[in-house]
Structure formats: structure tokens, C-alpha cells
file target_2.cif (mmCIF, C-alpha atoms and all ligand atoms)
data_structure
loop_
_atom_site.label_atom_id
_atom_site.label_comp_id
_atom_site.auth_asym_id
_atom_site.auth_seq_id
_atom_site.Cartn_x
_atom_site.Cartn_y
_atom_site.Cartn_z
CA MET A 1 -24.10 10.21 -36.53
CA ARG A 2 -22.68 8.66 -33.37
CA ASN A 3 -19.24 9.75 -32.30
CA LYS A 4 -16.57 7.10 -32.62
CA PRO A 5 -15.71 5.75 -29.17
CA THR A 6 -12.36 7.15 -28.09
CA ALA A 7 -10.02 5.04 -26.02
CA LYS A 8 -9.82 6.56 -22.55
CA LYS A 9 -6.23 7.43 -21.80
CA PRO A 10 -5.47 5.50 -18.63
CA PRO A 11 -3.67 7.32 -15.82
CA THR A 12 -0.30 6.81 -14.22
CA TYR A 13 1.32 3.37 -14.53
CA GLN A 14 -0.45 2.20 -17.67
CA ASN A 15 0.27 5.51 -19.33
CA ASP A 16 3.71 6.03 -17.84
CA ILE A 17 5.24 2.64 -18.59
CA ILE A 18 7.86 3.42 -21.21
CA GLY A 19 10.39 0.64 -20.68
CA SER A 20 10.68 -2.90 -19.49
CA ILE A 21 9.96 -3.56 -15.83
CA LYS A 22 12.16 -5.90 -13.80
CA ARG A 23 10.30 -7.80 -11.09
CA ILE A 24 11.31 -6.71 -7.60
CA ASP A 25 12.90 -9.10 -5.16
CA GLU A 26 11.09 -8.62 -1.81
CA ARG A 27 14.40 -9.18 0.00
CA THR A 28 15.59 -5.79 -1.27
CA ILE A 29 12.85 -3.69 0.37
CA VAL A 30 13.72 -1.83 3.57
CA PHE A 31 11.28 -3.78 5.79
CA ALA A 32 12.65 -7.15 4.69
CA ARG A 33 16.23 -5.95 5.18
CA GLN A 34 15.47 -5.12 8.82
CA ASP A 35 14.20 -8.69 9.25
CA LEU A 36 17.81 -9.76 8.66
CA PHE A 37 18.61 -8.05 11.99
CA ARG A 38 15.38 -8.77 13.85
CA TYR A 39 15.03 -12.46 13.06
CA PHE A 40 18.23 -13.80 11.48
CA GLY A 41 21.41 -13.92 13.55
CA LYS A 42 24.54 -11.87 12.97
CA GLU A 43 26.30 -14.95 11.60
CA SER A 44 23.30 -16.17 9.60
CA ALA A 45 23.73 -17.42 6.05
CA GLN A 46 20.91 -15.08 4.94
CA ARG A 47 22.68 -11.96 6.19
CA ALA A 48 25.99 -13.04 4.64
CA GLN A 49 24.34 -13.84 1.32
CA TYR A 50 22.32 -10.62 1.19
CA TYR A 51 25.22 -8.24 1.86
CA ASP A 52 27.55 -10.18 -0.43
CA GLU A 53 25.07 -9.45 -3.19
CA HIS A 54 24.03 -5.95 -1.99
CA PRO A 55 26.98 -4.34 -0.17
CA GLU A 56 25.46 -0.92 -1.00
CA ASN A 57 22.67 -1.51 1.57
CA GLN A 58 24.78 -2.69 4.51
CA ALA A 59 25.77 0.61 6.19
CA TYR A 60 22.21 1.98 6.02
CA ASP A 61 20.65 -1.23 7.34
CA GLU A 62 23.11 -1.53 10.24
CA LYS A 63 22.48 2.09 11.22
CA ILE A 64 18.68 1.63 11.19
CA SER A 65 18.90 -1.60 13.19
CA LYS A 66 20.49 0.36 16.07
CA LYS A 67 17.74 3.01 16.16
CA LYS A 68 14.55 3.12 18.19
CA PRO A 69 12.36 0.22 16.98
CA LEU A 70 8.98 1.08 15.49
CA GLY A 71 6.21 1.15 18.04
CA ASN A 72 8.54 1.86 20.93
CA TYR A 73 7.57 5.52 21.17
CA ASN A 74 4.91 4.97 23.77
CA LYS A 75 5.69 1.80 25.71
CA LYS A 76 2.54 1.85 27.85
CA ASP A 77 0.30 2.04 24.80
CA SER A 78 2.29 -0.31 22.58
CA PRO A 79 -0.12 -3.20 23.38
CA MET A 80 -2.81 -1.24 21.48
CA PHE A 81 -1.19 -1.95 18.14
CA ALA A 82 1.04 -4.88 19.11
CA ALA A 83 -2.07 -7.03 19.51
CA GLN A 84 -3.12 -6.25 15.95
CA PHE A 85 0.30 -6.99 14.45
CA LEU A 86 0.41 -10.26 16.35
CA LEU A 87 -2.88 -11.34 14.78
CA MET A 88 -1.82 -10.14 11.33
CA ASP A 89 1.28 -12.31 11.59
CA ARG A 90 -0.92 -15.28 12.49
CA VAL A 91 -3.21 -14.78 9.50
CA GLY A 92 -0.13 -14.20 7.32
CA ALA A 93 0.68 -17.91 7.58
CA GLU A 94 0.38 -19.89 4.35
CA SER A 95 -2.47 -21.93 5.82
CA PHE A 96 -4.52 -18.69 6.07
CA VAL A 97 -3.54 -16.82 2.91
CA ASP A 98 -3.66 -19.82 0.57
CA GLY A 99 -5.20 -23.27 0.30
CA VAL A 100 -6.64 -25.93 -1.95
CA PRO A 101 -9.73 -24.92 -3.96
CA ASN A 102 -12.97 -26.83 -3.66
CA LYS A 103 -13.16 -29.65 -6.25
CA ILE A 104 -16.59 -28.48 -7.40
CA ARG A 105 -16.53 -25.23 -9.35
CA SER A 106 -19.31 -22.65 -9.33
CA HIS A 107 -19.86 -21.11 -12.76
CA PHE A 108 -21.02 -17.53 -13.29
CA SER A 109 -20.63 -14.95 -16.00
CA GLU A 110 -17.61 -12.67 -15.40
CA THR A 111 -19.96 -9.83 -14.52
CA LYS A 112 -21.94 -11.88 -12.01
CA ALA A 113 -18.76 -13.33 -10.48
CA ALA A 114 -17.32 -9.81 -10.06
CA GLU A 115 -20.55 -8.61 -8.46
CA LYS A 116 -20.47 -11.47 -5.95
CA VAL A 117 -16.79 -11.06 -5.11
CA LYS A 118 -17.04 -7.28 -4.70
CA SER A 119 -20.18 -7.52 -2.60
CA MET A 120 -18.59 -10.07 -0.29
CA ALA A 121 -15.39 -8.00 0.02
CA LYS A 122 -17.55 -5.09 1.23
CA LEU A 123 -19.54 -7.33 3.53
CA TYR A 124 -16.32 -8.67 5.07
CA GLY A 125 -15.12 -5.12 5.74
CA ALA A 126 -13.59 -3.40 2.68
CA ASP A 127 -14.42 0.27 2.07
CA LEU A 128 -13.36 0.16 -1.61
CA VAL A 129 -13.02 -2.74 -4.06
CA GLY A 130 -11.74 -2.90 -7.64
CA ILE A 131 -10.83 -5.69 -10.04
CA GLY A 132 -8.14 -5.81 -12.73
CA LEU A 133 -5.86 -8.14 -14.60
CA LEU A 134 -2.75 -9.15 -12.67
CA LYS A 135 0.44 -8.02 -14.43
CA LYS A 136 3.32 -10.35 -13.71
CA GLU A 137 5.65 -7.34 -13.38
CA TRP A 138 3.97 -6.50 -10.07
CA VAL A 139 4.62 -9.93 -8.54
CA TYR A 140 7.69 -10.07 -6.27
CA SER A 141 10.33 -12.45 -7.62
CA ASN A 142 11.42 -13.89 -4.23
CA VAL A 143 10.15 -14.00 -0.64
CA GLY A 144 11.75 -11.44 1.69
CA CYS A 145 9.39 -11.15 4.69
CA CYS A 146 8.90 -14.48 6.44
CA LEU A 147 9.38 -13.75 10.18
CA GLY A 148 12.86 -15.27 10.01
CA ASN A 149 12.01 -18.49 8.17
CA ASN A 150 8.98 -19.14 10.37
CA PRO A 151 7.85 -22.64 9.27
CA ALA A 152 4.28 -21.36 8.80
CA TYR A 153 5.56 -19.07 6.02
CA LYS A 154 7.38 -19.61 2.76
CA SER A 155 11.16 -19.45 3.20
CA TRP A 156 13.39 -16.43 2.72
CA GLY A 157 14.52 -16.27 -0.91
CA GLU A 158 11.97 -18.80 -2.21
CA PRO A 159 10.91 -17.92 -5.77
CA ILE A 160 7.35 -16.62 -6.06
CA ASP A 161 5.05 -18.08 -8.64
CA LEU A 162 1.51 -16.86 -9.17
CA LYS A 163 1.46 -18.00 -12.75
CA ASN A 164 -2.15 -19.25 -12.80
CA HIS A 165 -3.45 -16.07 -11.22
CA SER A 166 -4.82 -13.88 -13.98
CA HIS A 167 -6.90 -11.44 -11.90
CA ALA A 168 -6.48 -9.27 -8.82
CA VAL A 169 -9.10 -7.91 -6.45
CA THR A 170 -7.81 -4.87 -4.56
CA MET A 171 -9.49 -3.66 -1.40
CA GLY A 172 -9.06 -0.24 0.21
CA PHE A 173 -9.49 0.42 3.93
CA LYS A 174 -10.06 3.91 5.23
CA MET A 175 -7.65 5.13 7.91
CA SER A 176 -8.97 7.13 10.85
CA ARG A 177 -8.49 10.84 10.07
CA GLU A 178 -8.58 11.65 13.77
CA LEU A 179 -5.67 9.31 14.50
CA LEU A 180 -3.76 10.33 11.35
CA SER A 181 -3.94 14.00 12.32
CA GLY A 182 -1.58 13.25 15.23
CA ALA A 183 1.21 12.50 12.71
CA PRO A 184 4.11 11.89 13.11
CA TYR A 185 3.42 10.50 16.58
CA PHE A 186 1.94 7.39 18.13
CA SER A 187 -1.67 7.79 16.99
CA THR A 188 -0.56 7.41 13.34
CA LEU A 189 0.70 3.95 14.13
CA LEU A 190 -2.72 3.06 15.51
CA ALA A 191 -4.39 4.39 12.34
CA SER A 192 -2.13 2.15 10.25
CA SER A 193 -2.46 -0.96 12.38
CA GLN A 194 -6.25 -0.63 12.54
CA ALA A 195 -6.56 -0.42 8.74
CA TYR A 196 -3.95 -3.14 8.14
CA ALA A 197 -5.62 -5.53 10.58
CA LYS A 198 -9.00 -5.06 8.91
CA SER A 199 -7.41 -5.45 5.49
CA ALA A 200 -5.66 -8.70 6.48
CA TRP A 201 -8.76 -10.27 7.96
CA THR A 202 -10.91 -9.26 4.98
CA ALA A 203 -8.43 -10.53 2.38
CA VAL A 204 -8.10 -13.90 4.10
CA GLN A 205 -11.89 -14.32 4.14
CA LEU A 206 -12.30 -13.25 0.53
CA ALA A 207 -9.59 -15.66 -0.68
CA ALA A 208 -11.27 -18.47 1.27
CA TYR A 209 -14.62 -17.59 -0.31
CA ILE A 210 -13.17 -17.76 -3.83
CA ARG A 211 -11.48 -21.09 -3.08
CA GLN A 212 -14.80 -22.39 -1.80
CA MET A 213 -16.20 -21.58 -5.26
CA GLY A 214 -13.53 -23.86 -6.77
CA TYR A 215 -10.87 -21.37 -7.91
CA GLU A 216 -7.31 -20.67 -6.81
CA ALA A 217 -7.07 -17.60 -4.59
CA ARG A 218 -4.35 -16.11 -2.43
CA ALA A 219 -4.64 -13.26 0.06
CA HIS A 220 -1.89 -10.61 0.09
CA HIS A 221 -1.79 -8.44 3.20
CA PHE A 222 0.63 -6.61 5.48
CA SER A 223 2.22 -9.78 6.85
CA ASN A 224 2.46 -11.66 3.58
CA TYR A 225 2.45 -9.76 0.29
CA GLN A 226 3.58 -11.48 -2.91
CA VAL A 227 2.60 -8.49 -5.06
CA LEU A 228 3.28 -4.74 -5.07
CA ALA A 229 0.07 -3.34 -3.70
CA VAL A 230 0.07 0.17 -5.21
CA PRO A 231 0.51 -0.64 -8.93
CA VAL A 232 -1.94 -3.55 -8.61
CA ALA A 233 -4.45 -1.16 -7.00
CA VAL A 234 -3.99 1.26 -9.92
CA ASP A 235 -4.65 -1.57 -12.38
CA CYS A 236 -7.81 -2.41 -10.42
CA GLY A 237 -9.10 1.15 -10.87
CA LEU A 238 -8.96 2.08 -7.18
CA GLY A 239 -6.98 5.28 -7.64
CA GLU A 240 -3.78 6.77 -9.00
CA LEU A 241 -0.14 6.82 -7.98
CA SER A 242 0.73 10.13 -6.32
CA ARG A 243 3.81 12.29 -5.92
CA ALA A 244 4.05 10.92 -2.36
CA GLY A 245 4.46 7.38 -3.69
CA TYR A 246 1.22 6.10 -2.20
CA LEU A 247 -2.14 5.51 -3.85
CA ILE A 248 -4.59 8.44 -3.94
CA THR A 249 -8.24 7.43 -3.98
CA LYS A 250 -10.98 9.93 -4.69
CA GLU A 251 -12.83 8.80 -1.57
CA PHE A 252 -10.08 8.89 1.08
CA GLY A 253 -7.05 10.52 -0.54
CA LEU A 254 -3.80 9.06 0.78
CA GLY A 255 -5.51 7.83 3.97
CA VAL A 256 -6.09 4.30 2.80
CA ARG A 257 -4.42 0.91 3.26
CA LEU A 258 -4.58 -1.97 0.82
CA SER A 259 -4.91 -5.71 0.66
CA ILE A 260 -5.30 -7.88 -2.41
CA VAL A 261 -6.59 -11.27 -3.48
CA THR A 262 -5.15 -12.83 -6.63
CA THR A 263 -7.05 -15.60 -8.38
CA ASP A 264 -7.60 -17.59 -11.55
CA MET A 265 -11.34 -16.89 -11.38
CA PRO A 266 -12.52 -14.99 -14.48
CA LEU A 267 -13.88 -11.65 -13.26
CA ALA A 268 -15.12 -8.54 -15.05
CA GLN A 269 -12.58 -5.72 -14.70
CA ASP A 270 -13.01 -2.14 -13.59
CA PRO A 271 -11.92 0.81 -15.73
CA PRO A 272 -8.91 2.88 -14.64
CA ALA A 273 -9.64 5.62 -12.10
CA ASP A 274 -8.74 8.74 -14.01
CA ILE A 275 -9.23 11.28 -11.22
CA GLY A 276 -6.83 14.01 -12.27
CA VAL A 277 -4.09 13.12 -9.78
CA GLN A 278 -1.21 13.37 -12.26
CA SER A 279 -1.96 17.00 -13.14
CA PHE A 280 -2.94 17.82 -9.53
CA CYS A 281 0.30 16.45 -8.07
CA ALA A 282 2.30 18.20 -10.81
CA GLN A 283 0.97 21.53 -9.47
CA CYS A 284 0.92 20.63 -5.77
CA LYS A 285 3.99 19.89 -3.68
CA ILE A 286 2.39 20.20 -0.25
CA CYS A 287 3.53 16.73 0.84
CA ALA A 288 7.06 17.28 -0.50
CA ASP A 289 7.31 20.69 1.20
CA GLN A 290 6.19 19.28 4.56
CA CYS A 291 7.94 15.89 4.50
CA PRO A 292 10.46 16.07 7.38
CA SER A 293 12.92 13.68 5.71
CA GLY A 294 12.98 15.13 2.19
CA ALA A 295 11.92 11.73 0.82
CA ILE A 296 9.25 13.08 -1.55
CA PRO A 297 10.62 14.64 -4.76
CA LYS A 298 9.76 18.26 -5.55
CA GLY A 299 10.74 18.03 -9.21
CA GLU A 300 9.52 16.18 -12.28
CA LYS A 301 8.83 12.48 -12.72
CA ILE A 302 11.87 10.34 -13.51
CA LEU A 303 12.28 7.01 -15.28
CA HIS A 304 12.54 4.26 -12.67
CA ASN A 305 12.41 0.55 -13.55
CA GLY A 306 10.61 1.22 -16.83
CA VAL A 307 8.07 3.66 -15.35
CA MET A 308 7.93 7.47 -15.35
CA LYS A 309 7.06 8.40 -11.75
CA TRP A 310 7.80 10.65 -8.83
CA LYS A 311 10.27 8.43 -7.04
CA LEU A 312 9.91 8.34 -3.27
CA ASP A 313 13.20 7.83 -1.44
CA GLU A 314 12.08 4.92 0.76
CA GLU A 315 15.32 4.89 2.73
CA LYS A 316 14.96 8.51 3.83
CA CYS A 317 11.29 7.96 4.73
CA TYR A 318 11.95 4.75 6.69
CA ALA A 319 14.89 6.31 8.54
CA TYR A 320 12.60 9.13 9.70
CA TRP A 321 10.10 6.61 11.10
CA HIS A 322 12.83 5.52 13.50
CA VAL A 323 13.29 9.04 14.83
CA ASN A 324 9.94 8.86 16.65
CA GLY A 325 9.43 5.11 16.52
CA THR A 326 6.18 5.51 14.53
CA ASP A 327 5.29 5.41 10.87
CA CYS A 328 5.09 9.24 10.40
CA GLY A 329 2.14 9.79 8.00
CA ILE A 330 2.53 13.58 7.67
CA CYS A 331 2.20 13.31 3.85
CA MET A 332 -1.08 11.43 4.28
CA THR A 333 -2.64 13.95 6.59
CA VAL A 334 -1.55 17.11 4.72
CA CYS A 335 -2.60 15.89 1.26
CA PRO A 336 -5.59 17.92 0.00
CA TRP A 337 -7.27 14.67 -1.10
CA THR A 338 -7.32 13.24 2.45
CA LYS A 339 -10.52 14.90 3.55
CA PRO A 340 -13.70 13.84 5.40
CA THR A 341 -16.50 12.13 3.50
CA THR A 342 -18.84 15.14 3.88
CA LYS A 343 -20.94 16.38 0.96
CA ILE A 344 -18.93 19.59 0.52
CA HIS A 345 -15.62 17.72 0.46
CA ARG A 346 -17.02 15.26 -2.09
CA ILE A 347 -18.02 18.16 -4.36
CA ILE A 348 -14.51 19.61 -4.01
CA ALA A 349 -13.04 16.18 -4.85
CA ASP A 350 -15.19 16.10 -8.02
CA ILE A 351 -13.82 19.48 -9.08
CA ALA A 352 -10.23 18.49 -8.18
CA SER A 353 -10.58 15.43 -10.44
CA ILE A 354 -10.89 17.58 -13.54
CA GLU A 355 -7.53 18.47 -15.09
CA GLY A 356 -6.98 22.24 -15.36
CA ILE A 357 -5.54 25.46 -13.98
CA HIS A 358 -8.21 25.52 -11.24
CA GLN A 359 -6.26 22.66 -9.60
CA LYS A 360 -3.45 25.17 -8.98
CA TRP A 361 -5.89 27.59 -7.33
CA MET A 362 -7.20 24.74 -5.19
CA VAL A 363 -3.67 24.02 -4.00
CA GLU A 364 -3.18 27.69 -3.05
CA ALA A 365 -6.54 27.72 -1.22
CA GLU A 366 -5.53 24.55 0.65
CA LYS A 367 -2.29 26.18 1.80
CA LEU A 368 -4.15 29.29 2.96
CA VAL A 369 -6.82 27.39 4.87
CA TYR A 370 -4.71 24.63 6.42
CA GLY A 371 -1.17 26.08 6.49
CA LEU A 372 1.67 24.00 7.90
CA HIS A 373 0.87 20.73 9.63
CA ASN A 374 0.55 20.97 13.38
CA PRO A 375 0.09 17.57 15.07
CA LYS A 376 -3.28 17.36 16.83
CA THR A 377 -3.52 16.19 20.43
CA PRO A 378 -4.29 12.45 20.44
CA PRO A 379 -7.62 11.18 21.81
CA ASP A 380 -7.83 10.84 25.62
CA PHE A 381 -7.45 7.07 25.63
CA ILE A 382 -3.84 7.50 24.46
CA GLY A 383 -1.27 8.34 27.12
CA ASP A 384 -1.61 8.61 30.89
S1 LIG A 401 5.71 9.19 5.82
FE1 LIG A 401 6.66 11.10 6.59
S2 LIG A 401 8.83 10.84 6.10
FE2 LIG A 401 7.72 9.35 4.86
S3 LIG A 401 7.32 10.36 2.91
FE3 LIG A 401 5.51 10.74 4.21
S4 LIG A 401 5.96 12.70 5.21
FE4 LIG A 401 7.88 11.95 4.39
S1 LIG A 402 0.01 16.56 -1.18
FE1 LIG A 402 -0.28 17.30 -3.27
S2 LIG A 402 1.51 16.56 -4.39
FE2 LIG A 402 1.39 15.39 -2.51
S3 LIG A 402 0.27 13.56 -3.03
FE3 LIG A 402 -1.22 15.02 -2.25
S4 LIG A 402 -1.98 16.09 -4.08
FE4 LIG A 402 -0.11 15.04 -4.68
#
call {"tool": "encode", "arguments": {"input": "target_2.cif", "output": "C-alpha cells"}}
result
Amino acid sequence: MRNKPTAKKPPTYQNDIIGSIKRIDERTIVFARQDLFRYFGKESAQRAQYYDEHPENQAYDEKISKKKPLGNYNKKDSPMFAAQFLLMDRVGAESFVDGVPNKIRSHFSETKAAEKVKSMAKLYGADLVGIGLLKKEWVYSNVGCCLGNNPAYKSWGEPIDLKNHSHAVTMGFKMSRELLSGAPYFSTLLASSQAYAKSAWTAVQLAAYIRQMGYEARAHHFSNYQVLAVPVAVDCGLGELSRAGYLITKEFGLGVRLSIVTTDMPLAQDPPADIGVQSFCAQCKICADQCPSGAIPKGEKILHNGVMKWKLDEEKCYAYWHVNGTDCGICMTVCPWTKPTTKIHRIIADIASIEGIHQKWMVEAEKLVYGLHNPKTPPDFIGD
């Protein structure tokens, strides 16, 4: 007799949602709040409105605005990443991320459509691709990042509506391990900007491809997200939410950046990636122990906005970035999952994905072999 199929218990968000989730207003995130200083004037209506409604954020935001700006650590080499951010901002414009679909629709089965979309995402540059249903809870409620009401973007505070978009395609982009290992200094910023630039360019092309097939499609990337990338990536089966607050993928650990395309095109979905991260992170606190700002919790998961999770303190993390003027990345480089794609490391990743006491031994072995993080010397092309 055949065994009855058992429902696979999905990891992290799907399993840990125990209450109602309130959509997040993008204006409340730390990056968008700094835009109030960078782009909007001291007397601007946006600044007045925001701090009238959120006086609890004002002291922190003013303090950060006076610190070393990100990317200023190494002035001579700033053009290396500044060029990439400039281009990302250009392809963040509404005319790039969105558009009118072709009047003639191509029709495929959901499986065939998913195969085409995933293959093209890889061809355009993605290292990982997954597809899932788009939960409305993960769509920002209002625009927060818009380069100071740049006319090419939607306006600050504008309500976000992706109501026809039923599916999400999440793409993962590997970060350079060599550059990440220089964390928390300048090379980390290059690792991020390289992966973000690739992710932006790929998402814009993929959204255009889907629109050419006659469906609505919008790219979400560093310069213009309308969705929360990490929970959407979990729903697309790319990986699991970690203690460090970022996505862990089996392939690249925490060393991955994300972009997304949302669409109304019917696409076959991927199963959740149940790779043992919840039990692994419960036994491993390497990132929390080595985080210089204390932003990563060492204790148990807590209930936050309807979800049981390890809650990263974004304000502590972001404040630390301004100490060196880079985006830190120590947690990414010390995480046992962020390893090379060699055969031996892939076998270890397979073993780490199985829930059990051996995960604890693996953590102890990791500490013995790698010890405390020591920033590596950056490649020769960086510096004088
Ligand atoms: S990026 Fe650095 S400061 Fe932020 S959570 Fe990771 S280790 Fe901590
Ligand atoms: S360092 Fe350990 S606890 Fe932190 S995210 Fe990686 S596996 Fe989880």
C-alpha cells in the first residue's frame, strides 16, 4: 500500500506566521528616512509630516545624517561603486521597471511559462531563480524611496497597488566572497554594488520580457522596491530567513542579493526551500557573537508584526555602517553557509540541511577552523 502523501511543513515565514501582518510603509525604513535629509530640505513638507507622525525616529535620523556618508570611506575608489549606483538609479525609473504589456498575449501552460521565465532570468544574469505566489502582506503600503520626488519615480507617500500581480519571480545574485571577506571595509561595498547592479539590470530585462508576452510585470530592485524582498524570496523557495535577518540560500549562504519581478502571468510555483536553517540558526550564534553593533539577537525568536522571527535591530546595524562608511557585511562572511561552491562545501551544505544534533557539532567545528573574523587584505586594485 502506498503511503499517504504528507504535507511538507514549510519553513520560516509560512510556518511562523501566527498573527495578522500589517503592510509596511516604505517611508518608515531607515534608508528612506535618510532620504528626508539627503534629498528633501530641512523645511520640506515631507520631513515635517514624517516626524509629526513618527517623532520616535527623529533623534536617531538626525544623528545618522551627521555621520560619515556611506561610500565615503575610500574617496579615491568611490567611483568604483558610485558608477553602479548611478546606473541603478537610472533603471529604477518607472519607465524601466514598469510599462504597458503587449496587446497580444502568448499562451503557455503554467509549467512551460515558468520554464521560459526561469531560463531567461538565468540567461540575463541570475544565479538563482524561484517562483511563488505574491502575498499582499509583503507589498509596501506607500512609496518611501524616490530620490526626493524625482519625476521619473513615483512620489513620496504615494500608495502602492500591485493588486493584479498574483505571482513573484525572485532572483538571487551571488556576492564575491573575495570582496566580502574584507568586511567591514570598502571591498564589501563593492561586493554589494556589483550584485545589486546585476540584479537591477536582470530584473528590468525580465519584466520587459514578460510584458512583451502580454502580461503585466514590474521589476523590483535596489533603487525601486515595492515589495519586501526577503519574505517574497522565501515564498519563492529560494531559501530561508536566518537569525541574521537576511535570506540564507543553500548555494551561497548569506552572500546573495535579491531582485524580484511581480506579474499577473500564471506561473508554476516552486516548493519551499526547507534546508534546515531554523534549527541550524537556533544552535549557531556565530553572526550574533561577531556582529560589532549587537544588532543580531542571541536569544529566541520573538513575535514581530504577526511573525515569529529573530528580529534584527536595523537601526543598530545601519548606525554601524556609518562608522566606516561601508555596509559592513561581517555577518555574511562569518556565516557557515557562506562558503565556496566547491564539491566538499556542497556536501557539507547537504549535511547541514538535515535537522539534528550534528548541526551543533558543525557549528563548533566552524568556530574551531575559522575562529574570529579577521578582515582580509583587499585585492590590489583597491587603494593606492
Ligand atoms: S551587517 Fe554588520 S552590523 Fe549589520 S547585522 Fe551584519 S554584522 Fe551586524
Ligand atoms: S551565522 Fe549561524 S546563526 Fe547566523 S545566520 Fe549564519 S547559520 Fe544562522
call {"tool": "residues_around", "arguments": {"input": "target_2.cif", "residues": "Ser95 of chain A", "least_positions_apart": "3", "cutoff": "10 Å", "atoms": "all atoms listed in the file", "output": "list of chain:residue names"}}
result
A:Arg90, A:Val91, A:Gly92, A:Asp98, A:Gly99, A:Val100, A:Ala152, A:Tyr153, A:Val204
call {"tool": "residues_around", "arguments": {"input": "target_2.cif", "residues": "Ala288 of chain A", "least_positions_apart": "5", "cutoff": "12 Å", "atoms": "all atoms listed in the file", "output": "list in words"}}
result
Ser242, Arg243, Ala244, Gly245, Cys281, Ala282, Gln283, Ser293, Gly294, Ala295, Ile296, Pro297, Lys298, Gly299, Trp310, Lys311, Leu312, Asp313, Cys317, Ile330, Cys331, Met332, Val334 and Cys335 of chain A
call {"tool": "closest_residue", "arguments": {"input": "target_2.cif", "among": "A:Gly325, A:Gly356, A:Gly383, A:Gly276", "to": "ligand LIG 402 (chain A)", "atoms": "only C-alpha atoms and all ligand atoms"}}
result
A:Gly276
call {"tool": "residues_around", "arguments": {"input": "target_2.cif", "residues": "segment 167-180 of chain A", "least_positions_apart": "3", "cutoff": "6 Å", "atoms": "all atoms listed in the file", "output": "short mmCIF file (atom, residue, chain, number, x, y, z; two decimals) with C-alpha atoms, in the coordinates of the input"}}
result
data_model
loop_
_atom_site.label_atom_id
_atom_site.label_comp_id
_atom_site.auth_asym_id
_atom_site.auth_seq_id
_atom_site.Cartn_x
_atom_site.Cartn_y
_atom_site.Cartn_z
CA ALA A 126 -13.59 -3.40 2.68
CA ASP A 127 -14.42 0.27 2.07
CA LEU A 128 -13.36 0.16 -1.61
CA VAL A 129 -13.02 -2.74 -4.06
CA GLY A 130 -11.74 -2.90 -7.64
CA ILE A 131 -10.83 -5.69 -10.04
CA GLY A 132 -8.14 -5.81 -12.73
CA LEU A 133 -5.86 -8.14 -14.60
CA LEU A 134 -2.75 -9.15 -12.67
CA ALA A 183 1.21 12.50 12.71
CA SER A 187 -1.67 7.79 16.99
CA THR A 188 -0.56 7.41 13.34
CA ALA A 191 -4.39 4.39 12.34
CA ALA A 195 -6.56 -0.42 8.74
CA ALA A 233 -4.45 -1.16 -7.00
CA GLY A 255 -5.51 7.83 3.97
CA VAL A 256 -6.09 4.30 2.80
CA ARG A 257 -4.42 0.91 3.26
CA LEU A 258 -4.58 -1.97 0.82
CA SER A 259 -4.91 -5.71 0.66
CA ILE A 260 -5.30 -7.88 -2.41
CA VAL A 261 -6.59 -11.27 -3.48
CA THR A 262 -5.15 -12.83 -6.63
CA THR A 263 -7.05 -15.60 -8.38
#
call {"tool": "atom_distance", "arguments": {"input": "target_2.cif", "atom1": "atom CA of Leu189 of chain A", "atom2": "atom CA of Phe81 of chain A"}}
result
7.4 Å
call {"tool": "atom_distance", "arguments": {"input": "target_2.cif", "atom1": "atom CA of His304 of chain A", "atom2": "atom CA of Tyr246 of chain A"}}
result
15.5 Å
call {"tool": "residues_near_point", "arguments": {"input": "target_2.cif", "point": "(3.7, 22.6, 1.9)", "cutoff": "8 Å", "atoms": "only C-alpha atoms", "output": "list in words"}}
result
Lys285, Ile286, Cys287, Ala288, Asp289, Gln290, Lys367, Gly371 and Leu372 of chain A
call {"tool": "atom_distance", "arguments": {"input": "target_2.cif", "atom1": "atom CA of Ile347 of chain A", "atom2": "atom FE4 of ligand LIG 401 (chain A)"}}
result
28.0 Å
call {"tool": "closest_residue", "arguments": {"input": "target_2.cif", "among": "A:Lys198, A:Lys301, A:Lys376, A:Lys343", "to": "ligand LIG 402 (chain A)", "atoms": "all atoms listed in the file"}}
result
A:Lys301
call {"tool": "closest_residue", "arguments": {"input": "target_2.cif", "among": "A:Arg47, A:Lys316, A:Lys75, A:His322", "to": "ligand LIG 401 (chain A)", "atoms": "only C-alpha atoms and all ligand atoms"}}
result
A:Lys316
call {"tool": "closest_residue", "arguments": {"input": "target_2.cif", "among": "A:Ile248, A:Pro336, A:Gln84, A:Ser193", "to": "Leu368 of chain A", "atoms": "all atoms listed in the file"}}
result
A:Pro336
call {"tool": "closest_residue", "arguments": {"input": "target_2.cif", "among": "A:Met362, A:Leu162, A:Ala32, A:Asn15", "to": "Ser223 of chain A", "atoms": "all atoms listed in the file"}}
result
A:Ala32
call {"tool": "closest_residue", "arguments": {"input": "target_2.cif", "among": "A:Tyr225, A:Trp337, A:Tyr140, A:Trp361", "to": "ligand LIG 402 (chain A)", "atoms": "only C-alpha atoms and all ligand atoms"}}
result
A:Trp337
call {"tool": "axis_aligned_box", "arguments": {"input": "target_2.cif", "around": "segment 341-348 of chain A", "padding_each_side": "4 Å", "output": "AutoDock Vina command-line options"}}
result
--center_x -17.7 --center_y 15.9 --center_z -0.2 --size_x 14.4 --size_y 15.5 --size_z 16.2
